$ cat run.cif   # mmCIF, N, CA and C atoms, pLDDT in the B column; chains and numbers go by the auth columns
data_structure
loop_
_atom_site.group_PDB
_atom_site.id
_atom_site.type_symbol
_atom_site.label_atom_id
_atom_site.label_comp_id
_atom_site.label_asym_id
_atom_site.label_seq_id
_atom_site.Cartn_x
_atom_site.Cartn_y
_atom_site.Cartn_z
_atom_site.B_iso_or_equiv
_atom_site.auth_seq_id
_atom_site.auth_asym_id
ATOM 1 N N MET A 1 -34.001 4.955 -78.553 51.00 1 A
ATOM 2 C CA MET A 1 -34.365 4.332 -79.813 51.00 1 A
ATOM 3 C C MET A 1 -34.395 2.811 -79.635 51.00 1 A
ATOM 4 N N SER A 2 -35.443 2.201 -80.116 68.00 2 A
ATOM 5 C CA SER A 2 -35.606 0.757 -79.986 68.00 2 A
ATOM 6 C C SER A 2 -34.705 0.018 -80.974 68.00 2 A
ATOM 7 N N ARG A 3 -34.223 -1.131 -80.549 87.00 3 A
ATOM 8 C CA ARG A 3 -33.427 -1.978 -81.447 87.00 3 A
ATOM 9 C C ARG A 3 -34.326 -2.709 -82.430 87.00 3 A
ATOM 10 N N TRP A 4 -35.621 -2.729 -82.148 91.00 4 A
ATOM 11 C CA TRP A 4 -36.582 -3.476 -82.958 91.00 4 A
ATOM 12 C C TRP A 4 -37.231 -2.573 -83.988 91.00 4 A
ATOM 13 N N LYS A 5 -37.550 -3.130 -85.147 92.00 5 A
ATOM 14 C CA LYS A 5 -38.306 -2.417 -86.172 92.00 5 A
ATOM 15 C C LYS A 5 -39.604 -3.188 -86.414 92.00 5 A
ATOM 16 N N SER A 6 -40.601 -2.525 -86.925 94.00 6 A
ATOM 17 C CA SER A 6 -41.864 -3.193 -87.232 94.00 6 A
ATOM 18 C C SER A 6 -41.662 -4.204 -88.358 94.00 6 A
ATOM 19 N N VAL A 7 -42.332 -5.339 -88.236 95.00 7 A
ATOM 20 C CA VAL A 7 -42.270 -6.369 -89.277 95.00 7 A
ATOM 21 C C VAL A 7 -43.649 -6.981 -89.460 95.00 7 A
ATOM 22 N N LYS A 8 -43.852 -7.608 -90.576 96.00 8 A
ATOM 23 C CA LYS A 8 -45.088 -8.348 -90.824 96.00 8 A
ATOM 24 C C LYS A 8 -45.033 -9.648 -90.028 96.00 8 A
ATOM 25 N N ALA A 9 -46.201 -10.121 -89.638 95.00 9 A
ATOM 26 C CA ALA A 9 -46.277 -11.334 -88.827 95.00 9 A
ATOM 27 C C ALA A 9 -45.668 -12.537 -89.551 95.00 9 A
ATOM 28 N N ARG A 10 -45.802 -12.589 -90.870 95.00 10 A
ATOM 29 C CA ARG A 10 -45.228 -13.740 -91.595 95.00 10 A
ATOM 30 C C ARG A 10 -43.705 -13.748 -91.487 95.00 10 A
ATOM 31 N N GLN A 11 -43.080 -12.556 -91.459 96.00 11 A
ATOM 32 C CA GLN A 11 -41.619 -12.466 -91.297 96.00 11 A
ATOM 33 C C GLN A 11 -41.219 -12.890 -89.883 96.00 11 A
ATOM 34 N N LEU A 12 -42.021 -12.493 -88.909 96.00 12 A
ATOM 35 C CA LEU A 12 -41.756 -12.860 -87.522 96.00 12 A
ATOM 36 C C LEU A 12 -41.849 -14.369 -87.346 96.00 12 A
ATOM 37 N N LEU A 13 -42.903 -14.971 -87.888 96.00 13 A
ATOM 38 C CA LEU A 13 -43.058 -16.425 -87.779 96.00 13 A
ATOM 39 C C LEU A 13 -41.900 -17.143 -88.466 96.00 13 A
ATOM 40 N N ALA A 14 -41.494 -16.679 -89.632 97.00 14 A
ATOM 41 C CA ALA A 14 -40.368 -17.306 -90.340 97.00 14 A
ATOM 42 C C ALA A 14 -39.096 -17.229 -89.500 97.00 14 A
ATOM 43 N N ALA A 15 -38.873 -16.100 -88.835 97.00 15 A
ATOM 44 C CA ALA A 15 -37.684 -15.950 -87.984 97.00 15 A
ATOM 45 C C ALA A 15 -37.750 -16.915 -86.803 97.00 15 A
ATOM 46 N N LEU A 16 -38.927 -17.051 -86.196 97.00 16 A
ATOM 47 C CA LEU A 16 -39.067 -17.982 -85.069 97.00 16 A
ATOM 48 C C LEU A 16 -38.814 -19.417 -85.516 97.00 16 A
ATOM 49 N N LEU A 17 -39.292 -19.777 -86.689 97.00 17 A
ATOM 50 C CA LEU A 17 -39.060 -21.129 -87.203 97.00 17 A
ATOM 51 C C LEU A 17 -37.574 -21.360 -87.479 97.00 17 A
ATOM 52 N N ARG A 18 -36.881 -20.325 -87.959 96.00 18 A
ATOM 53 C CA ARG A 18 -35.435 -20.459 -88.229 96.00 18 A
ATOM 54 C C ARG A 18 -34.634 -20.677 -86.953 96.00 18 A
ATOM 55 N N ILE A 19 -35.078 -20.102 -85.831 96.00 19 A
ATOM 56 C CA ILE A 19 -34.298 -20.262 -84.597 96.00 19 A
ATOM 57 C C ILE A 19 -34.716 -21.492 -83.795 96.00 19 A
ATOM 58 N N GLY A 20 -35.568 -22.337 -84.368 96.00 20 A
ATOM 59 C CA GLY A 20 -35.843 -23.618 -83.739 96.00 20 A
ATOM 60 C C GLY A 20 -37.254 -23.845 -83.236 96.00 20 A
ATOM 61 N N TRP A 21 -38.141 -22.868 -83.356 97.00 21 A
ATOM 62 C CA TRP A 21 -39.526 -23.070 -82.955 97.00 21 A
ATOM 63 C C TRP A 21 -40.241 -23.894 -84.011 97.00 21 A
ATOM 64 N N MET A 22 -41.220 -24.696 -83.588 97.00 22 A
ATOM 65 C CA MET A 22 -42.023 -25.507 -84.503 97.00 22 A
ATOM 66 C C MET A 22 -43.487 -25.262 -84.203 97.00 22 A
ATOM 67 N N VAL A 23 -44.321 -25.342 -85.239 96.00 23 A
ATOM 68 C CA VAL A 23 -45.762 -25.194 -85.057 96.00 23 A
ATOM 69 C C VAL A 23 -46.303 -26.523 -84.550 96.00 23 A
ATOM 70 N N ALA A 24 -46.815 -26.519 -83.315 96.00 24 A
ATOM 71 C CA ALA A 24 -47.387 -27.732 -82.730 96.00 24 A
ATOM 72 C C ALA A 24 -48.786 -27.972 -83.274 96.00 24 A
ATOM 73 N N TRP A 25 -49.586 -26.914 -83.377 95.00 25 A
ATOM 74 C CA TRP A 25 -50.903 -26.990 -84.011 95.00 25 A
ATOM 75 C C TRP A 25 -51.328 -25.620 -84.470 95.00 25 A
ATOM 76 N N GLN A 26 -52.296 -25.615 -85.387 95.00 26 A
ATOM 77 C CA GLN A 26 -52.802 -24.357 -85.927 95.00 26 A
ATOM 78 C C GLN A 26 -54.290 -24.474 -86.170 95.00 26 A
ATOM 79 N N LYS A 27 -55.014 -23.416 -85.829 94.00 27 A
ATOM 80 C CA LYS A 27 -56.428 -23.306 -86.155 94.00 27 A
ATOM 81 C C LYS A 27 -56.656 -21.863 -86.578 94.00 27 A
ATOM 82 N N GLY A 28 -56.848 -21.664 -87.879 89.00 28 A
ATOM 83 C CA GLY A 28 -56.962 -20.312 -88.417 89.00 28 A
ATOM 84 C C GLY A 28 -55.631 -19.591 -88.283 89.00 28 A
ATOM 85 N N SER A 29 -55.676 -18.381 -87.697 88.00 29 A
ATOM 86 C CA SER A 29 -54.432 -17.622 -87.537 88.00 29 A
ATOM 87 C C SER A 29 -53.765 -17.894 -86.190 88.00 29 A
ATOM 88 N N HIS A 30 -54.358 -18.757 -85.383 94.00 30 A
ATOM 89 C CA HIS A 30 -53.778 -19.087 -84.076 94.00 30 A
ATOM 90 C C HIS A 30 -52.872 -20.306 -84.205 94.00 30 A
ATOM 91 N N ARG A 31 -51.645 -20.132 -83.761 95.00 31 A
ATOM 92 C CA ARG A 31 -50.673 -21.226 -83.808 95.00 31 A
ATOM 93 C C ARG A 31 -50.057 -21.397 -82.434 95.00 31 A
ATOM 94 N N ARG A 32 -49.831 -22.619 -82.040 97.00 32 A
ATOM 95 C CA ARG A 32 -49.101 -22.893 -80.804 97.00 32 A
ATOM 96 C C ARG A 32 -47.721 -23.340 -81.225 97.00 32 A
ATOM 97 N N LEU A 33 -46.711 -22.608 -80.781 97.00 33 A
ATOM 98 C CA LEU A 33 -45.332 -22.920 -81.120 97.00 33 A
ATOM 99 C C LEU A 33 -44.659 -23.612 -79.947 97.00 33 A
ATOM 100 N N ARG A 34 -43.748 -24.517 -80.255 97.00 34 A
ATOM 101 C CA ARG A 34 -42.994 -25.190 -79.193 97.00 34 A
ATOM 102 C C ARG A 34 -41.531 -25.266 -79.579 97.00 34 A
ATOM 103 N N ARG A 35 -40.711 -25.312 -78.536 97.00 35 A
ATOM 104 C CA ARG A 35 -39.262 -25.435 -78.706 97.00 35 A
ATOM 105 C C ARG A 35 -38.726 -26.064 -77.433 97.00 35 A
ATOM 106 N N ALA A 36 -37.840 -27.006 -77.582 95.00 36 A
ATOM 107 C CA ALA A 36 -37.267 -27.690 -76.423 95.00 36 A
ATOM 108 C C ALA A 36 -36.602 -26.678 -75.490 95.00 36 A
ATOM 109 N N GLY A 37 -36.891 -26.798 -74.200 95.00 37 A
ATOM 110 C CA GLY A 37 -36.285 -25.937 -73.204 95.00 37 A
ATOM 111 C C GLY A 37 -37.012 -24.617 -72.989 95.00 37 A
ATOM 112 N N TRP A 38 -38.084 -24.374 -73.725 96.00 38 A
ATOM 113 C CA TRP A 38 -38.859 -23.134 -73.609 96.00 38 A
ATOM 114 C C TRP A 38 -40.324 -23.480 -73.380 96.00 38 A
ATOM 115 N N PRO A 39 -41.059 -22.613 -72.660 97.00 39 A
ATOM 116 C CA PRO A 39 -42.507 -22.841 -72.570 97.00 39 A
ATOM 117 C C PRO A 39 -43.158 -22.593 -73.933 97.00 39 A
ATOM 118 N N ASN A 40 -44.276 -23.267 -74.190 96.00 40 A
ATOM 119 C CA ASN A 40 -44.991 -23.066 -75.450 96.00 40 A
ATOM 120 C C ASN A 40 -45.359 -21.601 -75.606 96.00 40 A
ATOM 121 N N TYR A 41 -45.453 -21.164 -76.857 96.00 41 A
ATOM 122 C CA TYR A 41 -45.806 -19.773 -77.142 96.00 41 A
ATOM 123 C C TYR A 41 -46.981 -19.748 -78.113 96.00 41 A
ATOM 124 N N SER A 42 -48.026 -18.997 -77.775 96.00 42 A
ATOM 125 C CA SER A 42 -49.184 -18.843 -78.659 96.00 42 A
ATOM 126 C C SER A 42 -48.959 -17.674 -79.597 96.00 42 A
ATOM 127 N N PHE A 43 -49.004 -17.947 -80.879 93.00 43 A
ATOM 128 C CA PHE A 43 -48.775 -16.953 -81.926 93.00 43 A
ATOM 129 C C PHE A 43 -50.107 -16.740 -82.622 93.00 43 A
ATOM 130 N N ALA A 44 -50.739 -15.592 -82.402 93.00 44 A
ATOM 131 C CA ALA A 44 -52.092 -15.362 -82.917 93.00 44 A
ATOM 132 C C ALA A 44 -52.139 -14.106 -83.784 93.00 44 A
ATOM 133 N N PHE A 45 -51.465 -14.145 -84.919 93.00 45 A
ATOM 134 C CA PHE A 45 -51.448 -13.008 -85.843 93.00 45 A
ATOM 135 C C PHE A 45 -51.797 -13.495 -87.236 93.00 45 A
ATOM 136 N N HIS A 46 -52.493 -12.663 -88.003 92.00 46 A
ATOM 137 C CA HIS A 46 -52.664 -12.929 -89.425 92.00 46 A
ATOM 138 C C HIS A 46 -51.337 -12.600 -90.108 92.00 46 A
ATOM 139 N N ASP A 47 -51.043 -13.259 -91.215 90.00 47 A
ATOM 140 C CA ASP A 47 -49.756 -13.091 -91.888 90.00 47 A
ATOM 141 C C ASP A 47 -49.443 -11.647 -92.259 90.00 47 A
ATOM 142 N N THR A 48 -50.454 -10.857 -92.590 93.00 48 A
ATOM 143 C CA THR A 48 -50.206 -9.482 -93.035 93.00 48 A
ATOM 144 C C THR A 48 -50.259 -8.466 -91.897 93.00 48 A
ATOM 145 N N ASP A 49 -50.515 -8.895 -90.665 94.00 49 A
ATOM 146 C CA ASP A 49 -50.522 -7.977 -89.518 94.00 49 A
ATOM 147 C C ASP A 49 -49.138 -7.400 -89.301 94.00 49 A
ATOM 148 N N GLU A 50 -49.095 -6.131 -88.927 96.00 50 A
ATOM 149 C CA GLU A 50 -47.843 -5.453 -88.608 96.00 50 A
ATOM 150 C C GLU A 50 -47.602 -5.605 -87.103 96.00 50 A
ATOM 151 N N VAL A 51 -46.431 -6.072 -86.735 95.00 51 A
ATOM 152 C CA VAL A 51 -46.064 -6.239 -85.325 95.00 51 A
ATOM 153 C C VAL A 51 -45.036 -5.152 -85.001 95.00 51 A
ATOM 154 N N GLY A 52 -45.387 -4.292 -84.058 95.00 52 A
ATOM 155 C CA GLY A 52 -44.554 -3.142 -83.735 95.00 52 A
ATOM 156 C C GLY A 52 -43.392 -3.469 -82.820 95.00 52 A
ATOM 157 N N PRO A 53 -42.509 -2.492 -82.602 94.00 53 A
ATOM 158 C CA PRO A 53 -41.296 -2.698 -81.812 94.00 53 A
ATOM 159 C C PRO A 53 -41.557 -3.113 -80.368 94.00 53 A
ATOM 160 N N GLY A 54 -42.553 -2.514 -79.728 93.00 54 A
ATOM 161 C CA GLY A 54 -42.833 -2.858 -78.331 93.00 54 A
ATOM 162 C C GLY A 54 -43.281 -4.296 -78.179 93.00 54 A
ATOM 163 N N LEU A 55 -44.185 -4.731 -79.049 94.00 55 A
ATOM 164 C CA LEU A 55 -44.658 -6.113 -79.003 94.00 55 A
ATOM 165 C C LEU A 55 -43.547 -7.080 -79.381 94.00 55 A
ATOM 166 N N LEU A 56 -42.711 -6.703 -80.324 95.00 56 A
ATOM 167 C CA LEU A 56 -41.574 -7.559 -80.690 95.00 56 A
ATOM 168 C C LEU A 56 -40.644 -7.775 -79.503 95.00 56 A
ATOM 169 N N ALA A 57 -40.411 -6.722 -78.723 94.00 57 A
ATOM 170 C CA ALA A 57 -39.546 -6.845 -77.544 94.00 57 A
ATOM 171 C C ALA A 57 -40.156 -7.816 -76.541 94.00 57 A
ATOM 172 N N GLN A 58 -41.471 -7.763 -76.356 95.00 58 A
ATOM 173 C CA GLN A 58 -42.138 -8.691 -75.440 95.00 58 A
ATOM 174 C C GLN A 58 -42.045 -10.127 -75.952 95.00 58 A
ATOM 175 N N ILE A 59 -42.263 -10.310 -77.254 95.00 59 A
ATOM 176 C CA ILE A 59 -42.175 -11.643 -77.848 95.00 59 A
ATOM 177 C C ILE A 59 -40.752 -12.180 -77.713 95.00 59 A
ATOM 178 N N ALA A 60 -39.764 -11.318 -77.881 95.00 60 A
ATOM 179 C CA ALA A 60 -38.366 -11.731 -77.790 95.00 60 A
ATOM 180 C C ALA A 60 -38.035 -12.280 -76.408 95.00 60 A
ATOM 181 N N LYS A 61 -38.568 -11.672 -75.364 95.00 61 A
ATOM 182 C CA LYS A 61 -38.306 -12.155 -74.009 95.00 61 A
ATOM 183 C C LYS A 61 -38.838 -13.567 -73.802 95.00 61 A
ATOM 184 N N LYS A 62 -39.938 -13.888 -74.465 96.00 62 A
ATOM 185 C CA LYS A 62 -40.569 -15.196 -74.289 96.00 62 A
ATOM 186 C C LYS A 62 -40.058 -16.257 -75.245 96.00 62 A
ATOM 187 N N THR A 63 -39.369 -15.829 -76.325 96.00 63 A
ATOM 188 C CA THR A 63 -38.970 -16.788 -77.354 96.00 63 A
ATOM 189 C C THR A 63 -37.474 -16.844 -77.626 96.00 63 A
ATOM 190 N N GLY A 64 -36.709 -15.894 -77.122 95.00 64 A
ATOM 191 C CA GLY A 64 -35.271 -15.872 -77.401 95.00 64 A
ATOM 192 C C GLY A 64 -34.925 -15.232 -78.725 95.00 64 A
ATOM 193 N N LEU A 65 -35.880 -14.567 -79.343 96.00 65 A
ATOM 194 C CA LEU A 65 -35.641 -13.896 -80.621 96.00 65 A
ATOM 195 C C LEU A 65 -34.718 -12.708 -80.423 96.00 65 A
ATOM 196 N N ARG A 66 -33.846 -12.449 -81.378 95.00 66 A
ATOM 197 C CA ARG A 66 -32.947 -11.290 -81.353 95.00 66 A
ATOM 198 C C ARG A 66 -33.181 -10.467 -82.605 95.00 66 A
ATOM 199 N N PRO A 67 -32.896 -9.161 -82.558 93.00 67 A
ATOM 200 C CA PRO A 67 -33.134 -8.320 -83.748 93.00 67 A
ATOM 201 C C PRO A 67 -32.431 -8.851 -85.002 93.00 67 A
ATOM 202 N N GLU A 68 -31.251 -9.423 -84.838 93.00 68 A
ATOM 203 C CA GLU A 68 -30.535 -9.935 -86.016 93.00 68 A
ATOM 204 C C GLU A 68 -31.168 -11.198 -86.607 93.00 68 A
ATOM 205 N N ASP A 69 -32.092 -11.840 -85.867 93.00 69 A
ATOM 206 C CA ASP A 69 -32.787 -13.017 -86.376 93.00 69 A
ATOM 207 C C ASP A 69 -33.827 -12.646 -87.426 93.00 69 A
ATOM 208 N N LEU A 70 -34.276 -11.400 -87.394 91.00 70 A
ATOM 209 C CA LEU A 70 -35.290 -10.961 -88.363 91.00 70 A
ATOM 210 C C LEU A 70 -34.615 -10.667 -89.643 91.00 70 A
#

$ encode --input "run.cif" --output "structure tokens"
Amino acid sequence: MSRWKSVKARQLLAALLRIGWMVAWQKGSHRRLRRAGWPNYSFAFHDTDEVGPGLLAQIAKKTGLRPEDL
């Protein structure tokens, strides 16, 4: 059983912003996020898109997100 649950992209972005990521630039639904000490991360989801557990796990490895951050 996965520790991750599906969430809307807007909830995911809000969680990333809470843990210290900032939007460096945005064009449409594509956003480049940055955080000191981490490589930039491209976030390309519409706010109402559903992000599943597998993709959340991949995003977590690149951003430091934890299930309790959501």

$ select_by_dssp --input "run.cif" --residues "chain A" --states "alpha helix (DSSP H)" --output "PyMOL selection string"
chain A and resi 9-18+53-63

$ closest_residue --input "run.cif" --among "A:Glu68, A:Lys61, A:Ser29, A:Leu17" --to "Thr48 (chain A)" --atoms "only C-alpha atoms"
A:Ser29

$ atom_distance --input "run.cif" --atom1 "atom N of Phe43 (chain A)" --atom2 "CA of His30 (chain A)"
5.9 Å

$ resolve_selection --input "run.cif" --expression "the PyMOL selection byres (((chain A and resi 46 and name CA) around 9) and name CA)" --output "short mmCIF file (atom, residue, chain, number, x, y, z; two decimals) with N, CA and C atoms, in the frame of the given file"
data_model
loop_
_atom_site.label_atom_id
_atom_site.label_comp_id
_atom_site.auth_asym_id
_atom_site.auth_seq_id
_atom_site.Cartn_x
_atom_site.Cartn_y
_atom_site.Cartn_z
N LYS A 8 -43.85 -7.61 -90.58
CA LYS A 8 -45.09 -8.35 -90.82
C LYS A 8 -45.03 -9.65 -90.03
N ALA A 9 -46.20 -10.12 -89.64
CA ALA A 9 -46.28 -11.33 -88.83
C ALA A 9 -45.67 -12.54 -89.55
N ARG A 10 -45.80 -12.59 -90.87
CA ARG A 10 -45.23 -13.74 -91.60
C ARG A 10 -43.70 -13.75 -91.49
N GLY A 28 -56.85 -21.66 -87.88
CA GLY A 28 -56.96 -20.31 -88.42
C GLY A 28 -55.63 -19.59 -88.28
N SER A 29 -55.68 -18.38 -87.70
CA SER A 29 -54.43 -17.62 -87.54
C SER A 29 -53.76 -17.89 -86.19
N HIS A 30 -54.36 -18.76 -85.38
CA HIS A 30 -53.78 -19.09 -84.08
C HIS A 30 -52.87 -20.31 -84.20
N ALA A 44 -50.74 -15.59 -82.40
CA ALA A 44 -52.09 -15.36 -82.92
C ALA A 44 -52.14 -14.11 -83.78
N PHE A 45 -51.46 -14.14 -84.92
CA PHE A 45 -51.45 -13.01 -85.84
C PHE A 45 -51.80 -13.50 -87.24
N ASP A 47 -51.04 -13.26 -91.22
CA ASP A 47 -49.76 -13.09 -91.89
C ASP A 47 -49.44 -11.65 -92.26
N THR A 48 -50.45 -10.86 -92.59
CA THR A 48 -50.21 -9.48 -93.04
C THR A 48 -50.26 -8.47 -91.90
N ASP A 49 -50.52 -8.90 -90.66
CA ASP A 49 -50.52 -7.98 -89.52
C ASP A 49 -49.14 -7.40 -89.30
N GLU A 50 -49.10 -6.13 -88.93
CA GLU A 50 -47.84 -5.45 -88.61
C GLU A 50 -47.60 -5.60 -87.10
#

$ select_by_dssp --input "run.cif" --residues "chain A" --states "strand (DSSP E)" --output "list in words"
Val7, Lys8, Met22, Val23, Ala24, Trp25, Gln26, Lys27, His30, Arg31, Arg32, Leu33, Arg34, Tyr41, Ser42, Phe43, Ala44, Glu50 and Val51 of chain A

$ resolve_selection --input "run.cif" --expression "the PyMOL selection byres (((chain A and resi 67 and name CA) around 12) and name CA)" --output "PyMOL selection string"
chain A and resi 2-7+12+15-16+53+56-57+59-61+64-66+68-70

$ write_last_selection --input "run.cif" --atoms "N, CA and C atoms" --output "PDB file, in the frame of the given file"
ATOM      1  N   SER A   2     -35.443   2.201 -80.116  1.00 68.00           N
ATOM      2  CA  SER A   2     -35.606   0.757 -79.986  1.00 68.00           C
ATOM      3  C   SER A   2     -34.705   0.018 -80.974  1.00 68.00           C
ATOM      4  N   ARG A   3     -34.223  -1.131 -80.549  1.00 87.00           N
ATOM      5  CA  ARG A   3     -33.427  -1.978 -81.447  1.00 87.00           C
ATOM      6  C   ARG A   3     -34.326  -2.709 -82.430  1.00 87.00           C
ATOM      7  N   TRP A   4     -35.621  -2.729 -82.148  1.00 91.00           N
ATOM      8  CA  TRP A   4     -36.582  -3.476 -82.958  1.00 91.00           C
ATOM      9  C   TRP A   4     -37.231  -2.573 -83.988  1.00 91.00           C
ATOM     10  N   LYS A   5     -37.550  -3.130 -85.147  1.00 92.00           N
ATOM     11  CA  LYS A   5     -38.306  -2.417 -86.172  1.00 92.00           C
ATOM     12  C   LYS A   5     -39.604  -3.188 -86.414  1.00 92.00           C
ATOM     13  N   SER A   6     -40.601  -2.525 -86.925  1.00 94.00           N
ATOM     14  CA  SER A   6     -41.864  -3.193 -87.232  1.00 94.00           C
ATOM     15  C   SER A   6     -41.662  -4.204 -88.358  1.00 94.00           C
ATOM     16  N   VAL A   7     -42.332  -5.339 -88.236  1.00 95.00           N
ATOM     17  CA  VAL A   7     -42.270  -6.369 -89.277  1.00 95.00           C
ATOM     18  C   VAL A   7     -43.649  -6.981 -89.460  1.00 95.00           C
ATOM     19  N   LEU A  12     -42.021 -12.493 -88.909  1.00 96.00           N
ATOM     20  CA  LEU A  12     -41.756 -12.860 -87.522  1.00 96.00           C
ATOM     21  C   LEU A  12     -41.849 -14.369 -87.346  1.00 96.00           C
ATOM     22  N   ALA A  15     -38.873 -16.100 -88.835  1.00 97.00           N
ATOM     23  CA  ALA A  15     -37.684 -15.950 -87.984  1.00 97.00           C
ATOM     24  C   ALA A  15     -37.750 -16.915 -86.803  1.00 97.00           C
ATOM     25  N   LEU A  16     -38.927 -17.051 -86.196  1.00 97.00           N
ATOM     26  CA  LEU A  16     -39.067 -17.982 -85.069  1.00 97.00           C
ATOM     27  C   LEU A  16     -38.814 -19.417 -85.516  1.00 97.00           C
ATOM     28  N   PRO A  53     -42.509  -2.492 -82.602  1.00 94.00           N
ATOM     29  CA  PRO A  53     -41.296  -2.698 -81.812  1.00 94.00           C
ATOM     30  C   PRO A  53     -41.557  -3.113 -80.368  1.00 94.00           C
ATOM     31  N   LEU A  56     -42.711  -6.703 -80.324  1.00 95.00           N
ATOM     32  CA  LEU A  56     -41.574  -7.559 -80.690  1.00 95.00           C
ATOM     33  C   LEU A  56     -40.644  -7.775 -79.503  1.00 95.00           C
ATOM     34  N   ALA A  57     -40.411  -6.722 -78.723  1.00 94.00           N
ATOM     35  CA  ALA A  57     -39.546  -6.845 -77.544  1.00 94.00           C
ATOM     36  C   ALA A  57     -40.156  -7.816 -76.541  1.00 94.00           C
ATOM     37  N   ILE A  59     -42.263 -10.310 -77.254  1.00 95.00           N
ATOM     38  CA  ILE A  59     -42.175 -11.643 -77.848  1.00 95.00           C
ATOM     39  C   ILE A  59     -40.752 -12.180 -77.713  1.00 95.00           C
ATOM     40  N   ALA A  60     -39.764 -11.318 -77.881  1.00 95.00           N
ATOM     41  CA  ALA A  60     -38.366 -11.731 -77.790  1.00 95.00           C
ATOM     42  C   ALA A  60     -38.035 -12.280 -76.408  1.00 95.00           C
ATOM     43  N   LYS A  61     -38.568 -11.672 -75.364  1.00 95.00           N
ATOM     44  CA  LYS A  61     -38.306 -12.155 -74.009  1.00 95.00           C
ATOM     45  C   LYS A  61     -38.838 -13.567 -73.802  1.00 95.00           C
ATOM     46  N   GLY A  64     -36.709 -15.894 -77.122  1.00 95.00           N
ATOM     47  CA  GLY A  64     -35.271 -15.872 -77.401  1.00 95.00           C
ATOM     48  C   GLY A  64     -34.925 -15.232 -78.725  1.00 95.00           C
ATOM     49  N   LEU A  65     -35.880 -14.567 -79.343  1.00 96.00           N
ATOM     50  CA  LEU A  65     -35.641 -13.896 -80.621  1.00 96.00           C
ATOM     51  C   LEU A  65     -34.718 -12.708 -80.423  1.00 96.00           C
ATOM     52  N   ARG A  66     -33.846 -12.449 -81.378  1.00 95.00           N
ATOM     53  CA  ARG A  66     -32.947 -11.290 -81.353  1.00 95.00           C
ATOM     54  C   ARG A  66     -33.181 -10.467 -82.605  1.00 95.00           C
ATOM     55  N   GLU A  68     -31.251  -9.423 -84.838  1.00 93.00           N
ATOM     56  CA  GLU A  68     -30.535  -9.935 -86.016  1.00 93.00           C
ATOM     57  C   GLU A  68     -31.168 -11.198 -86.607  1.00 93.00           C
ATOM     58  N   ASP A  69     -32.092 -11.840 -85.867  1.00 93.00           N
ATOM     59  CA  ASP A  69     -32.787 -13.017 -86.376  1.00 93.00           C
ATOM     60  C   ASP A  69     -33.827 -12.646 -87.426  1.00 93.00           C
ATOM     61  N   LEU A  70     -34.276 -11.400 -87.394  1.00 91.00           N
ATOM     62  CA  LEU A  70     -35.290 -10.961 -88.363  1.00 91.00           C
ATOM     63  C   LEU A  70     -34.615 -10.667 -89.643  1.00 91.00           C
TER      64      LEU A  70
END

$ residues_around --input "run.cif" --residues "Ser42 (chain A)" --least-positions-apart "3" --cutoff "5 Å" --atoms "all atoms listed in the file" --output "list of chain:residue names"
A:Arg31, A:Arg32, A:Leu33

$ closest_residue --input "run.cif" --among "A:Gln11, A:Thr63, A:Gln26, A:Gln58" --to "Trp38 (chain A)" --atoms "only N, CA and C atoms"
A:Thr63
